[in-house]
Amino acid sequence: MDGMIFNVERFAIHDGPGIRTVVFLKGCPLRCAWCSNPESQRPERELFHSGKKCLGGVVCGICAAACPNGAVVNAAGVLTFRRELCVACGTCAALCPSRALEMQGRVRSSGDVLQELLADEPFYRNSGGGVTLSGGEPLLQAEFAAELLERCRALHLHTCVETAGHVPWHKLALAAPHVKEFLYDVKLLDSARHRAGTGVGSELILENLKRLSREFPHIPITVRTPVIPGFNDSEEDIGAIARFLAPLESVKGYDLLAYHSFGAAKYRALGRDYGMDETVRIPAERLSRLREIARLEQYR
Amino acid sequence: MEHCLSPHEAKVEQGLLCITDDGAVKQSRVNQMLSHILDQPPRVAVERAKWFTRSFRETEGLPNNLRWALALRTCAENMTVTINTGELIVGQIGSGTRYALIYPELRGGWLTELAEAADREGGKFLLTEEDETCVLEEIVPYWKGRTWHEGYIRQLPEETRRVLWDAADDYACRGVVNALTTQDSALVWALDYEKVLKKGFLAMGQEFQSALEALEARPIPDHMERRAFYRAGVITCSAVVTWAGRYADEAGRLAREERDSARREELLEIARICRRVPAHPAGSFHEALQAVWFANAFSRLEQIVAGQMGLGRIDQYLYPYFKADREKGLLDDDKALELLECLWLNLSRIRRLVPTGSIANYQGYPHFEQACLGGQTPDGRDASNELSYLILQSKKEFPLDFPDMSVRIHSMTPAPFLQKAVEVIKEGTGFPKLYNDEDIVPLLIAKGATYAEALNYTGCGCAEVRVINRETYMTQGSQLNIPSAVEMALRDGYMPRVGGPGERIGLPTGDPSSFSTWADFWSAFLAQLRNMFHHAFVNRSVGDLTKPAFLAAPFQSMLHDLCLEQCLDIHMDQAKFRGGISLGNLFVIGVGTTIDSLAAVKKLVYEDRRITMDELLAALDADFQGYEVIRQLCLNCPKYGNADPYADEIGRALDLEMNALTDAYRNPWGGTDNISYVPVTSHVGLGGYLGATPDGRSAGKSLSEGVSATQGCDVNGPTAVLTSIKYAKNIQMQNHEARLLNIKFTPQLVKGEVGTQALESFIRTWCDMKHWHVQFNIVNRETLLKAQKDPERYRSLLVRVAGFSAHFVELSPALQDEIIARTEHETM
């Protein structure tokens, strides 16, 4: 079966145990303003244009000459992208000499992806690592994800799924039997504010988490919260999540991840605006304090 | 993500050099001595050359080993004896806080350029007026016409002479095949220190004396050729004992003058120890260290080996003394560390002045007296012991670039030992580098070592290994500028930056525009490559054939089992050795650059047909100026080091070809040769001889390093690097050895427990994959940039360059830039 993949990262050591390869699946039901992988959000292929790498219309302009739809205009050496005309056919990206233009998203078969994953099998074996499916929301492509995970398990590869949990239960249930560990994002309990920040309410996410814990009690879950300035960085919000998690027995860990703006440049490359302040950071002391709160609440 | 300094960087930021684990500044003697040493630039030390010359003037006509022994005796009796303030391990072979010896028997003619060379960028030396006069008026005139290099040049076939050496300068290579052959007496080496420690030179000398008497008393006087060997042995043993005795005298004299009672006691103890070792077997850890240093330093009076004389398996031969002293309650960790660090300081005093016009190949005063730790015992058990841990600890506390330090990893390396090594690696000094028994031991067996000998190998030099009592092959090879074969295939044998107008350096392989397929181009490349190897082999054979007339090494020979058994000097009678094995090598430089260049030609010109050969050539001619589109196409072709089969297949074919060429060659003694992926810093120097290359590299820029990917090109992370290198290596062949791999990490990546674990399992996998070597450079870009701007403040900042650590600020700006350009495997 084929899936829509936008990236494969090797030597990942913060996405589950050991040394892992992370497969990023494209498409996400959430639209978090702070998302560091904006190219992960839409399910279809998209054109990425990095201004920094682009040689421009004077020296190069190959894209403008090649585009069958007139979506790139070379006006006296100035390149303009008319994204409304772009059908993401990939003609320009294939010819771009500097890879300033790249297609985000590639249809790949599970066998093809598996081949790439197996290259690092000796590293997984020695580190207790394996494969992590991430996104986007990998469970939007639940059939593909389940097949890839099942094939990984058949080869004794350890499997993790990073999910935001906002998918119909049957999708989660389809993949779960082939997952050794879940990394599950919970951003906020309060549904209205959750919707304001991510575009969707929190109900389905929280319900799925409880049900996952109940119906697949043997699968350990690590819950993670990206701590976003002005959204969920209060002691109350983090404390509330920790209290919610306390009774869920298969939740083995709760991690807080500090907000970062590494993704900002990608918004520009997609011709979109970054909705966050690039310079803002969560101070280290604040993060330590929140971690302390989380620890106290969870085990109260 | 927060800015993260490696512990070593943090120390440098604080301006401190020696800090213990709990953060205390070590106020030891060692710390004070260290800052004195770093305060002054190194000096050219002429004493050894002077006494050798004087002795040689008197010994014309004698066999070389005897001449060498007599010259060593002259040195031992006459050289200045210096004991520095605070020193515990004594024995200095030159004057100044740091000093470089000169060896006129090798390239004496070059010494007329000494004053100029002492002042060159990337390695400055002080040369006093008196010393310069001695060199020009006494040393150079004697050696004129008597040096190995001159003999070698005279015997070099004309065409090889032309391709290798500048027409007007016998001491400057042309950057295509850089002959190292006469630059050092031998390739990297380590002594058999166990013999020194267990037997002592008095007993060895007596054995030579008895053998000599027995030989001379034979009624039928056969085997008279052995007489010189025995006599040289007698003289050399007594010389080293004499030399140590003069240190005992000096320590005694200083003790009488010393007002500080603690130091007086130390000096008396030094005097006692110097009377005991290396004449007698060592009886304590301190005596053992002193004996090791005397032997090591004395061997440097005898000859210069590449990288300078190694320390071998130091945690093995020193351990019995360490253990016994500990059990007797005579030695604690602090005392042992202090003694070891006194030895490290002695190593750091000695520098290398390379006798060539091509200094770019050896920057930052490189030398690699490697201390090799861990690994396996000759009977196959894990060899790590408490001393191995302590020596690693000393490297952690004491951020000095000497000794070079390696750890042998094998499948049963205990987790705590690996963890200790990783802890030190994370300091960011580049130490220890790692060797892999799982690759090396089988290969050594295939080359003729017994299983036990192979298990007892030691790391040596950059990424090389030695089987010290079994190897007898000594001649240095050359550095082959492999990407120049691509350039010559593109230019019908010409090189834009080498040779005058109309001078073809390589073979006429035809106008590349007339090639219709990739196979045509590949054939032209192979023809140029084979031609380079041809000249490299000719160079090596001429070196082998001329050397016995010019060199000998009685001291090294008497510490070598095969030399002793057969009464042969290790240099003099190579052809007669029975049972020796050869790990002689040719250094192949810029392999990553070559693979990437070939991949670009294949893809852009012959497969995708994005550009024509003429367009590519025009772009290369213009150094890509005005051809930015083509340069970008070149840069974005498949690159070696990313687990991309497109590039890795080319790498594998290239590796196979080079293995096959060395496999076919026989040196004059019937031994084979090996390719070795060790550049030192020659990848920077050799890059200067090349125009722009099809991988997108600009003219004159550095080549790729060792077996590593081209700098900045390994974008798929370190696991892909290992996958690529494994794929490109022909493990079924046995004519290869040292494969140097440099992987640079930012401190973030290996931060904390997660980082430690990741690094440990990365190393375990590297071991499973049967890679030869790896070293980690954990430092961040900002720090390197800061160091470039403010060298004073960062003078102790260590950086790994091709198998050794240097002080970053002592390197040239070009090499600094190259280090900064290397990909940082930063995951977010």
# chains A, B, ... in the order shown; residues from 1 in each chain; ligands from 1
>>> closest_atom_pairs(of="chain A", to="chain B", cutoff="6 Å", atoms="only C-alpha atoms", output="CSV")
residue,atom,partner,partner_atom,distance
A:Pro97,CA,B:Leu633,CA,4.6
A:Ser98,CA,B:Gln632,CA,4.8
A:Pro122,CA,B:Thr765,CA,5.9
A:Phe123,CA,B:Thr765,CA,5.6
A:Asn126,CA,B:Ser761,CA,5.3
A:Ser127,CA,B:Ser761,CA,5.0
>>> write_last_selection(atoms="N, CA and C atoms", output="PDB file, in the first residue's frame")
ATOM      1  N   PRO A  97      18.250  23.662 -10.031  1.00  0.00           N
ATOM      2  CA  PRO A  97      19.639  23.223  -9.807  1.00  0.00           C
ATOM      3  C   PRO A  97      20.071  23.306  -8.347  1.00  0.00           C
ATOM      4  N   SER A  98      19.510  24.214  -7.578  1.00  0.00           N
ATOM      5  CA  SER A  98      20.000  24.427  -6.217  1.00  0.00           C
ATOM      6  C   SER A  98      19.089  23.794  -5.168  1.00  0.00           C
ATOM      7  N   PRO A 122      20.931  -2.287  12.408  1.00  0.00           N
ATOM      8  CA  PRO A 122      21.969  -2.555  13.419  1.00  0.00           C
ATOM      9  C   PRO A 122      21.999  -1.498  14.529  1.00  0.00           C
ATOM     10  N   PHE A 123      21.641  -0.277  14.210  1.00  0.00           N
ATOM     11  CA  PHE A 123      21.625   0.779  15.236  1.00  0.00           C
ATOM     12  C   PHE A 123      20.440   0.584  16.182  1.00  0.00           C
ATOM     13  N   ASN A 126      21.226  -2.301  18.691  1.00  0.00           N
ATOM     14  CA  ASN A 126      22.159  -2.002  19.774  1.00  0.00           C
ATOM     15  C   ASN A 126      21.660  -0.940  20.741  1.00  0.00           C
ATOM     16  N   SER A 127      20.671  -0.169  20.319  1.00  0.00           N
ATOM     17  CA  SER A 127      20.251   0.943  21.169  1.00  0.00           C
ATOM     18  C   SER A 127      18.871   0.713  21.758  1.00  0.00           C
TER      19      SER A 127
END
>>> select_by_dssp(residues="stretch 5-250 of chain A", states="helix (DSSP H, G or I)", output="JSON, numbers by chain")
{"A": [38, 39, 40, 56, 57, 58, 59, 62, 63, 64, 65, 66, 83, 84, 85, 91, 92, 93, 94, 95, 110, 111, 112, 113, 114, 115, 116, 117, 118, 121, 122, 123, 124, 125, 126, 127, 138, 139, 140, 141, 142, 143, 144, 145, 146, 147, 148, 149, 150, 151, 152, 153, 154, 169, 170, 171, 172, 173, 174, 175, 176, 177, 178, 191, 192, 193, 194, 195, 196, 197, 198, 203, 204, 205, 206, 207, 208, 209, 210, 211, 212, 213, 214, 215, 235, 236, 237, 238, 239, 240, 241, 242, 243, 244, 245]}
>>> select_by_dssp(residues="stretch 425-492 of chain B", states="strand (DSSP E or B)", output="JSON, numbers by chain")
{"B": [433, 434, 435, 436, 458, 459, 460, 464, 465, 466, 471, 478, 479, 480, 481]}
>>> write_last_selection(atoms="C-alpha atoms", output="compact mmCIF listing (two decimals), in the first residue's frame")
# COMPACT_ATOMS: atom_id res chain seq x y z
CA LYS B 433 39.73 7.80 18.95
CA LEU B 434 38.48 4.29 18.51
CA TYR B 435 39.86 1.24 16.75
CA ASN B 436 37.76 -1.76 16.00
CA THR B 458 48.59 -1.63 18.86
CA GLY B 459 47.13 1.51 17.39
CA CYS B 460 49.84 3.72 15.99
CA GLU B 464 47.31 2.87 11.53
CA VAL B 465 48.15 -0.23 13.54
CA ARG B 466 51.35 -2.15 14.22
CA GLU B 471 56.24 -6.30 11.10
CA SER B 478 53.19 8.50 -0.62
CA GLN B 479 49.99 10.48 -0.61
CA LEU B 480 48.01 10.06 -3.80
CA ASN B 481 45.86 12.99 -4.78
>>> residues_around(residues="B:Gly94", least_positions_apart="2", cutoff="8 Å", atoms="only C-alpha atoms", output="ChimeraX atom specification")
/B:45-48,80,92,96,99-101
>>> write_last_selection(atoms="all heavy atoms", output="PDB file, in the first residue's frame")
ATOM      1  N   ALA B  45      65.902  22.341  17.312  1.00  0.00           N
ATOM      2  CA  ALA B  45      66.966  21.814  18.168  1.00  0.00           C
ATOM      3  C   ALA B  45      67.996  21.108  17.296  1.00  0.00           C
ATOM      4  O   ALA B  45      67.677  20.143  16.608  1.00  0.00           O
ATOM      5  CB  ALA B  45      66.372  20.841  19.186  1.00  0.00           C
ATOM      6  N   VAL B  46      69.233  21.617  17.318  1.00  0.00           N
ATOM      7  CA  VAL B  46      70.236  21.085  16.377  1.00  0.00           C
ATOM      8  C   VAL B  46      71.228  20.117  17.028  1.00  0.00           C
ATOM      9  O   VAL B  46      72.034  19.503  16.339  1.00  0.00           O
ATOM     10  CB  VAL B  46      71.034  22.207  15.680  1.00  0.00           C
ATOM     11  CG1 VAL B  46      70.101  23.123  14.934  1.00  0.00           C
ATOM     12  CG2 VAL B  46      71.856  22.985  16.685  1.00  0.00           C
ATOM     13  N   GLU B  47      71.183  19.984  18.350  1.00  0.00           N
ATOM     14  CA  GLU B  47      72.221  19.199  19.030  1.00  0.00           C
ATOM     15  C   GLU B  47      72.375  17.791  18.464  1.00  0.00           C
ATOM     16  O   GLU B  47      73.474  17.325  18.195  1.00  0.00           O
ATOM     17  CB  GLU B  47      71.924  19.121  20.531  1.00  0.00           C
ATOM     18  CG  GLU B  47      72.723  20.125  21.348  1.00  0.00           C
ATOM     19  CD  GLU B  47      72.753  19.738  22.808  1.00  0.00           C
ATOM     20  OE1 GLU B  47      71.701  19.847  23.477  1.00  0.00           O
ATOM     21  OE2 GLU B  47      73.808  19.296  23.269  1.00  0.00           O
ATOM     22  N   ARG B  48      71.261  17.111  18.335  1.00  0.00           N
ATOM     23  CA  ARG B  48      71.335  15.734  17.845  1.00  0.00           C
ATOM     24  C   ARG B  48      72.018  15.688  16.486  1.00  0.00           C
ATOM     25  O   ARG B  48      72.894  14.867  16.219  1.00  0.00           O
ATOM     26  CB  ARG B  48      69.907  15.156  17.783  1.00  0.00           C
ATOM     27  CG  ARG B  48      69.803  13.729  17.303  1.00  0.00           C
ATOM     28  CD  ARG B  48      69.571  13.638  15.812  1.00  0.00           C
ATOM     29  NE  ARG B  48      69.509  12.252  15.360  1.00  0.00           N
ATOM     30  CZ  ARG B  48      69.631  11.891  14.100  1.00  0.00           C
ATOM     31  NH1 ARG B  48      69.802  12.796  13.153  1.00  0.00           N
ATOM     32  NH2 ARG B  48      69.573  10.620  13.753  1.00  0.00           N
ATOM     33  N   THR B  80      73.351  18.112  25.931  1.00  0.00           N
ATOM     34  CA  THR B  80      73.014  18.843  27.149  1.00  0.00           C
ATOM     35  C   THR B  80      71.988  18.054  27.953  1.00  0.00           C
ATOM     36  O   THR B  80      71.028  17.528  27.398  1.00  0.00           O
ATOM     37  CB  THR B  80      72.395  20.211  26.779  1.00  0.00           C
ATOM     38  OG1 THR B  80      73.235  20.817  25.812  1.00  0.00           O
ATOM     39  CG2 THR B  80      72.257  21.093  28.002  1.00  0.00           C
ATOM     40  N   GLN B  92      65.529  15.021  28.187  1.00  0.00           N
ATOM     41  CA  GLN B  92      65.180  15.990  27.157  1.00  0.00           C
ATOM     42  C   GLN B  92      66.191  15.878  26.029  1.00  0.00           C
ATOM     43  O   GLN B  92      67.380  15.776  26.280  1.00  0.00           O
ATOM     44  CB  GLN B  92      65.167  17.395  27.773  1.00  0.00           C
ATOM     45  CG  GLN B  92      64.537  18.412  26.869  1.00  0.00           C
ATOM     46  CD  GLN B  92      64.142  19.688  27.606  1.00  0.00           C
ATOM     47  OE1 GLN B  92      63.806  19.646  28.775  1.00  0.00           O
ATOM     48  NE2 GLN B  92      64.187  20.798  26.912  1.00  0.00           N
ATOM     49  N   GLY B  96      64.832  24.348  24.742  1.00  0.00           N
ATOM     50  CA  GLY B  96      63.599  25.106  24.566  1.00  0.00           C
ATOM     51  C   GLY B  96      62.464  24.403  25.270  1.00  0.00           C
ATOM     52  O   GLY B  96      62.571  23.231  25.656  1.00  0.00           O
ATOM     53  N   TYR B  99      60.462  21.786  21.215  1.00  0.00           N
ATOM     54  CA  TYR B  99      61.556  21.781  20.248  1.00  0.00           C
ATOM     55  C   TYR B  99      61.354  20.704  19.195  1.00  0.00           C
ATOM     56  O   TYR B  99      60.696  19.701  19.422  1.00  0.00           O
ATOM     57  CB  TYR B  99      62.884  21.566  20.964  1.00  0.00           C
ATOM     58  CG  TYR B  99      62.896  20.372  21.887  1.00  0.00           C
ATOM     59  CD1 TYR B  99      63.314  19.123  21.439  1.00  0.00           C
ATOM     60  CD2 TYR B  99      62.466  20.482  23.200  1.00  0.00           C
ATOM     61  CE1 TYR B  99      63.316  18.020  22.282  1.00  0.00           C
ATOM     62  CE2 TYR B  99      62.461  19.385  24.050  1.00  0.00           C
ATOM     63  CZ  TYR B  99      62.881  18.161  23.585  1.00  0.00           C
ATOM     64  OH  TYR B  99      62.850  17.079  24.416  1.00  0.00           O
ATOM     65  N   ALA B 100      61.949  20.977  18.018  1.00  0.00           N
ATOM     66  CA  ALA B 100      61.882  20.016  16.915  1.00  0.00           C
ATOM     67  C   ALA B 100      63.294  19.607  16.535  1.00  0.00           C
ATOM     68  O   ALA B 100      64.153  20.460  16.345  1.00  0.00           O
ATOM     69  CB  ALA B 100      61.181  20.638  15.716  1.00  0.00           C
ATOM     70  N   LEU B 101      63.534  18.323  16.446  1.00  0.00           N
ATOM     71  CA  LEU B 101      64.847  17.833  16.043  1.00  0.00           C
ATOM     72  C   LEU B 101      64.950  17.834  14.520  1.00  0.00           C
ATOM     73  O   LEU B 101      63.934  17.777  13.819  1.00  0.00           O
ATOM     74  CB  LEU B 101      65.057  16.401  16.562  1.00  0.00           C
ATOM     75  CG  LEU B 101      65.645  16.274  17.973  1.00  0.00           C
ATOM     76  CD1 LEU B 101      64.729  16.943  18.981  1.00  0.00           C
ATOM     77  CD2 LEU B 101      65.869  14.820  18.326  1.00  0.00           C
TER      78      LEU B 101
END
>>> residues_around(residues="stretch 216-233 of chain B", least_positions_apart="2", cutoff="7 Å", atoms="only C-alpha atoms", output="PyMOL selection string")
chain B and resi 63+65-66+69+205+208-209+211-214+235-237+554+558+567-568
>>> write_last_selection(atoms="N, CA and C atoms", output="PDB file, in the first residue's frame")
ATOM      1  N   PRO B  63      79.927  -0.333   8.736  1.00  0.00           N
ATOM      2  CA  PRO B  63      78.529  -0.653   8.440  1.00  0.00           C
ATOM      3  C   PRO B  63      77.589   0.371   9.101  1.00  0.00           C
ATOM      4  N   ASN B  65      74.809   0.176  10.745  1.00  0.00           N
ATOM      5  CA  ASN B  65      74.295  -0.018  12.107  1.00  0.00           C
ATOM      6  C   ASN B  65      75.353   0.352  13.153  1.00  0.00           C
ATOM      7  N   LEU B  66      76.599   0.079  12.823  1.00  0.00           N
ATOM      8  CA  LEU B  66      77.679   0.426  13.733  1.00  0.00           C
ATOM      9  C   LEU B  66      77.874   1.946  13.782  1.00  0.00           C
ATOM     10  N   ALA B  69      75.204   3.302  15.964  1.00  0.00           N
ATOM     11  CA  ALA B  69      75.456   3.035  17.377  1.00  0.00           C
ATOM     12  C   ALA B  69      76.500   4.004  17.917  1.00  0.00           C
ATOM     13  N   GLY B 205      72.763  -5.745  26.775  1.00  0.00           N
ATOM     14  CA  GLY B 205      74.125  -5.471  26.331  1.00  0.00           C
ATOM     15  C   GLY B 205      75.046  -6.644  26.621  1.00  0.00           C
ATOM     16  N   PHE B 208      74.554  -9.330  24.076  1.00  0.00           N
ATOM     17  CA  PHE B 208      75.247  -9.011  22.815  1.00  0.00           C
ATOM     18  C   PHE B 208      76.746  -9.261  22.956  1.00  0.00           C
ATOM     19  N   GLN B 209      77.283  -8.891  24.122  1.00  0.00           N
ATOM     20  CA  GLN B 209      78.715  -9.061  24.359  1.00  0.00           C
ATOM     21  C   GLN B 209      79.091 -10.547  24.318  1.00  0.00           C
ATOM     22  N   ALA B 211      77.444 -12.950  22.873  1.00  0.00           N
ATOM     23  CA  ALA B 211      77.253 -13.458  21.512  1.00  0.00           C
ATOM     24  C   ALA B 211      78.431 -13.053  20.631  1.00  0.00           C
ATOM     25  N   LEU B 212      78.884 -11.838  20.846  1.00  0.00           N
ATOM     26  CA  LEU B 212      80.013 -11.333  20.074  1.00  0.00           C
ATOM     27  C   LEU B 212      81.274 -12.157  20.364  1.00  0.00           C
ATOM     28  N   GLU B 213      81.491 -12.402  21.646  1.00  0.00           N
ATOM     29  CA  GLU B 213      82.676 -13.177  22.018  1.00  0.00           C
ATOM     30  C   GLU B 213      82.590 -14.594  21.456  1.00  0.00           C
ATOM     31  N   ALA B 214      81.398 -15.165  21.560  1.00  0.00           N
ATOM     32  CA  ALA B 214      81.220 -16.526  21.037  1.00  0.00           C
ATOM     33  C   ALA B 214      81.466 -16.555  19.530  1.00  0.00           C
ATOM     34  N   ILE B 235      77.248  -1.368  21.982  1.00  0.00           N
ATOM     35  CA  ILE B 235      77.495   0.084  22.071  1.00  0.00           C
ATOM     36  C   ILE B 235      76.204   0.833  22.391  1.00  0.00           C
ATOM     37  N   THR B 236      75.113   0.444  21.730  1.00  0.00           N
ATOM     38  CA  THR B 236      73.853   1.160  21.920  1.00  0.00           C
ATOM     39  C   THR B 236      73.322   0.958  23.339  1.00  0.00           C
ATOM     40  N   CYS B 237      73.393  -0.272  23.844  1.00  0.00           N
ATOM     41  CA  CYS B 237      72.932  -0.526  25.210  1.00  0.00           C
ATOM     42  C   CYS B 237      73.731   0.317  26.198  1.00  0.00           C
ATOM     43  N   PRO B 554      69.927   0.572  15.187  1.00  0.00           N
ATOM     44  CA  PRO B 554      70.300  -0.508  16.103  1.00  0.00           C
ATOM     45  C   PRO B 554      69.436  -0.564  17.361  1.00  0.00           C
ATOM     46  N   MET B 558      67.194  -3.891  18.229  1.00  0.00           N
ATOM     47  CA  MET B 558      67.426  -4.821  19.337  1.00  0.00           C
ATOM     48  C   MET B 558      66.178  -5.009  20.191  1.00  0.00           C
ATOM     49  N   CYS B 567      69.673 -11.351  13.656  1.00  0.00           N
ATOM     50  CA  CYS B 567      70.815 -10.437  13.709  1.00  0.00           C
ATOM     51  C   CYS B 567      70.826  -9.470  12.519  1.00  0.00           C
ATOM     52  N   LEU B 568      69.689  -8.924  12.241  1.00  0.00           N
ATOM     53  CA  LEU B 568      69.574  -8.002  11.114  1.00  0.00           C
ATOM     54  C   LEU B 568      69.062  -6.652  11.599  1.00  0.00           C
TER      55      LEU B 568
END
>>> residues_around(residues="A:Leu189", least_positions_apart="3", cutoff="9 Å", atoms="only C-alpha atoms", output="list in words")
Val186, Arg193, His194, Ser202, Glu203, Leu206, Asp237, Ala240, Ile241 and Phe244 of chain A
>>> write_last_selection(atoms="all heavy atoms", output="CSV table (one decimal), in the first residue's frame")
chain,number,residue,atom,x,y,z
A,186,VAL,N,-0.9,15.7,24.2
A,186,VAL,CA,-2.0,16.4,24.9
A,186,VAL,C,-1.6,17.8,25.1
A,186,VAL,O,-0.7,18.1,25.8
A,186,VAL,CB,-2.4,15.7,26.2
A,186,VAL,CG1,-3.6,16.5,26.9
A,186,VAL,CG2,-2.9,14.3,26.0
A,193,ARG,N,-10.3,26.7,24.4
A,193,ARG,CA,-9.0,27.3,24.2
A,193,ARG,C,-8.2,26.3,23.3
A,193,ARG,O,-7.4,26.8,22.5
A,193,ARG,CB,-8.3,27.5,25.5
A,193,ARG,CG,-8.8,28.8,26.2
A,193,ARG,CD,-8.4,28.9,27.6
A,193,ARG,NE,-7.0,28.7,27.8
A,193,ARG,CZ,-6.5,28.0,28.8
A,193,ARG,NH1,-7.3,27.4,29.8
A,193,ARG,NH2,-5.2,27.9,28.9
A,194,HIS,N,-8.4,25.1,23.4
A,194,HIS,CA,-7.7,24.1,22.5
A,194,HIS,C,-8.1,24.4,21.1
A,194,HIS,O,-7.3,24.4,20.2
A,194,HIS,CB,-8.1,22.7,22.9
A,194,HIS,CG,-7.3,21.6,22.3
A,194,HIS,ND1,-7.5,21.2,21.0
A,194,HIS,CD2,-6.2,20.9,22.8
A,194,HIS,CE1,-6.6,20.2,20.7
A,194,HIS,NE2,-5.8,20.0,21.8
A,202,SER,N,-10.8,19.5,22.2
A,202,SER,CA,-9.9,18.5,22.9
A,202,SER,C,-10.7,17.2,23.2
A,202,SER,O,-10.0,16.2,23.6
A,202,SER,CB,-9.4,19.1,24.2
A,202,SER,OG,-10.4,19.4,25.1
A,203,GLU,N,-12.0,17.2,23.0
A,203,GLU,CA,-12.8,16.0,23.5
A,203,GLU,C,-12.3,14.7,22.9
A,203,GLU,O,-12.1,13.7,23.6
A,203,GLU,CB,-14.3,16.2,23.2
A,203,GLU,CG,-14.9,17.3,23.9
A,203,GLU,CD,-14.8,18.7,23.3
A,203,GLU,OE1,-14.1,18.8,22.3
A,203,GLU,OE2,-15.4,19.6,23.8
A,206,LEU,N,-8.9,13.5,24.1
A,206,LEU,CA,-8.9,13.0,25.5
A,206,LEU,C,-9.6,11.6,25.6
A,206,LEU,O,-9.2,10.7,26.3
A,206,LEU,CB,-9.5,14.0,26.4
A,206,LEU,CG,-8.7,15.4,26.4
A,206,LEU,CD1,-9.4,16.4,27.4
A,206,LEU,CD2,-7.2,15.2,26.8
A,237,ASP,N,-2.7,24.9,33.8
A,237,ASP,CA,-3.0,24.0,32.6
A,237,ASP,C,-2.2,22.8,32.6
A,237,ASP,O,-2.7,21.7,32.4
A,237,ASP,CB,-2.7,24.8,31.3
A,237,ASP,CG,-3.8,25.8,31.0
A,237,ASP,OD1,-4.9,25.6,31.4
A,237,ASP,OD2,-3.5,26.8,30.3
A,240,ALA,N,-3.4,20.5,35.3
A,240,ALA,CA,-4.7,19.8,35.0
A,240,ALA,C,-4.4,18.6,34.1
A,240,ALA,O,-5.0,17.6,34.3
A,240,ALA,CB,-5.6,20.8,34.3
A,241,ILE,N,-3.5,18.8,33.1
A,241,ILE,CA,-3.2,17.6,32.3
A,241,ILE,C,-2.6,16.5,33.1
A,241,ILE,O,-3.0,15.3,33.0
A,241,ILE,CB,-2.2,18.0,31.1
A,241,ILE,CG1,-2.9,19.1,30.2
A,241,ILE,CG2,-1.8,16.8,30.3
A,241,ILE,CD1,-1.9,19.7,29.2
A,244,PHE,N,-5.2,14.7,34.9
A,244,PHE,CA,-6.0,13.9,34.0
A,244,PHE,C,-5.3,12.6,33.7
A,244,PHE,O,-5.9,11.5,33.6
A,244,PHE,CB,-6.2,14.7,32.7
A,244,PHE,CG,-6.9,13.9,31.6
A,244,PHE,CD1,-8.3,13.7,31.5
A,244,PHE,CD2,-6.1,13.3,30.6
A,244,PHE,CE1,-8.9,13.0,30.5
A,244,PHE,CE2,-6.7,12.5,29.6
A,244,PHE,CZ,-8.1,12.4,29.5
>>> residues_around(residues="A:Phe81", least_positions_apart="5", cutoff="7 Å", atoms="only C-alpha atoms", output="ChimeraX atom specification")
/A:71-73
>>> write_last_selection(atoms="N, CA and C atoms", output="mmCIF file, in the first residue's frame")
data_model
loop_
_atom_site.group_PDB
_atom_site.id
_atom_site.type_symbol
_atom_site.label_atom_id
_atom_site.label_comp_id
_atom_site.auth_asym_id
_atom_site.auth_seq_id
_atom_site.Cartn_x
_atom_site.Cartn_y
_atom_site.Cartn_z
ATOM 1 N N ALA A 71 2.753 29.302 -13.215
ATOM 2 C CA ALA A 71 2.690 29.610 -11.787
ATOM 3 C C ALA A 71 3.949 30.304 -11.288
ATOM 4 N N VAL A 72 5.009 30.243 -12.081
ATOM 5 C CA VAL A 72 6.213 30.996 -11.722
ATOM 6 C C VAL A 72 6.449 32.028 -12.818
ATOM 7 N N VAL A 73 6.549 33.264 -12.403
ATOM 8 C CA VAL A 73 6.738 34.332 -13.380
ATOM 9 C C VAL A 73 8.109 34.938 -13.190
#
>>> residues_around(residues="B:Trp344", least_positions_apart="5", cutoff="12 Å", atoms="only C-alpha atoms", output="number ranges by chain")
B: 30-31, 33-34, 37, 87-90, 289-290, 292-293, 311, 337-339, 349-350, 368-371, 391, 394-395, 398-405
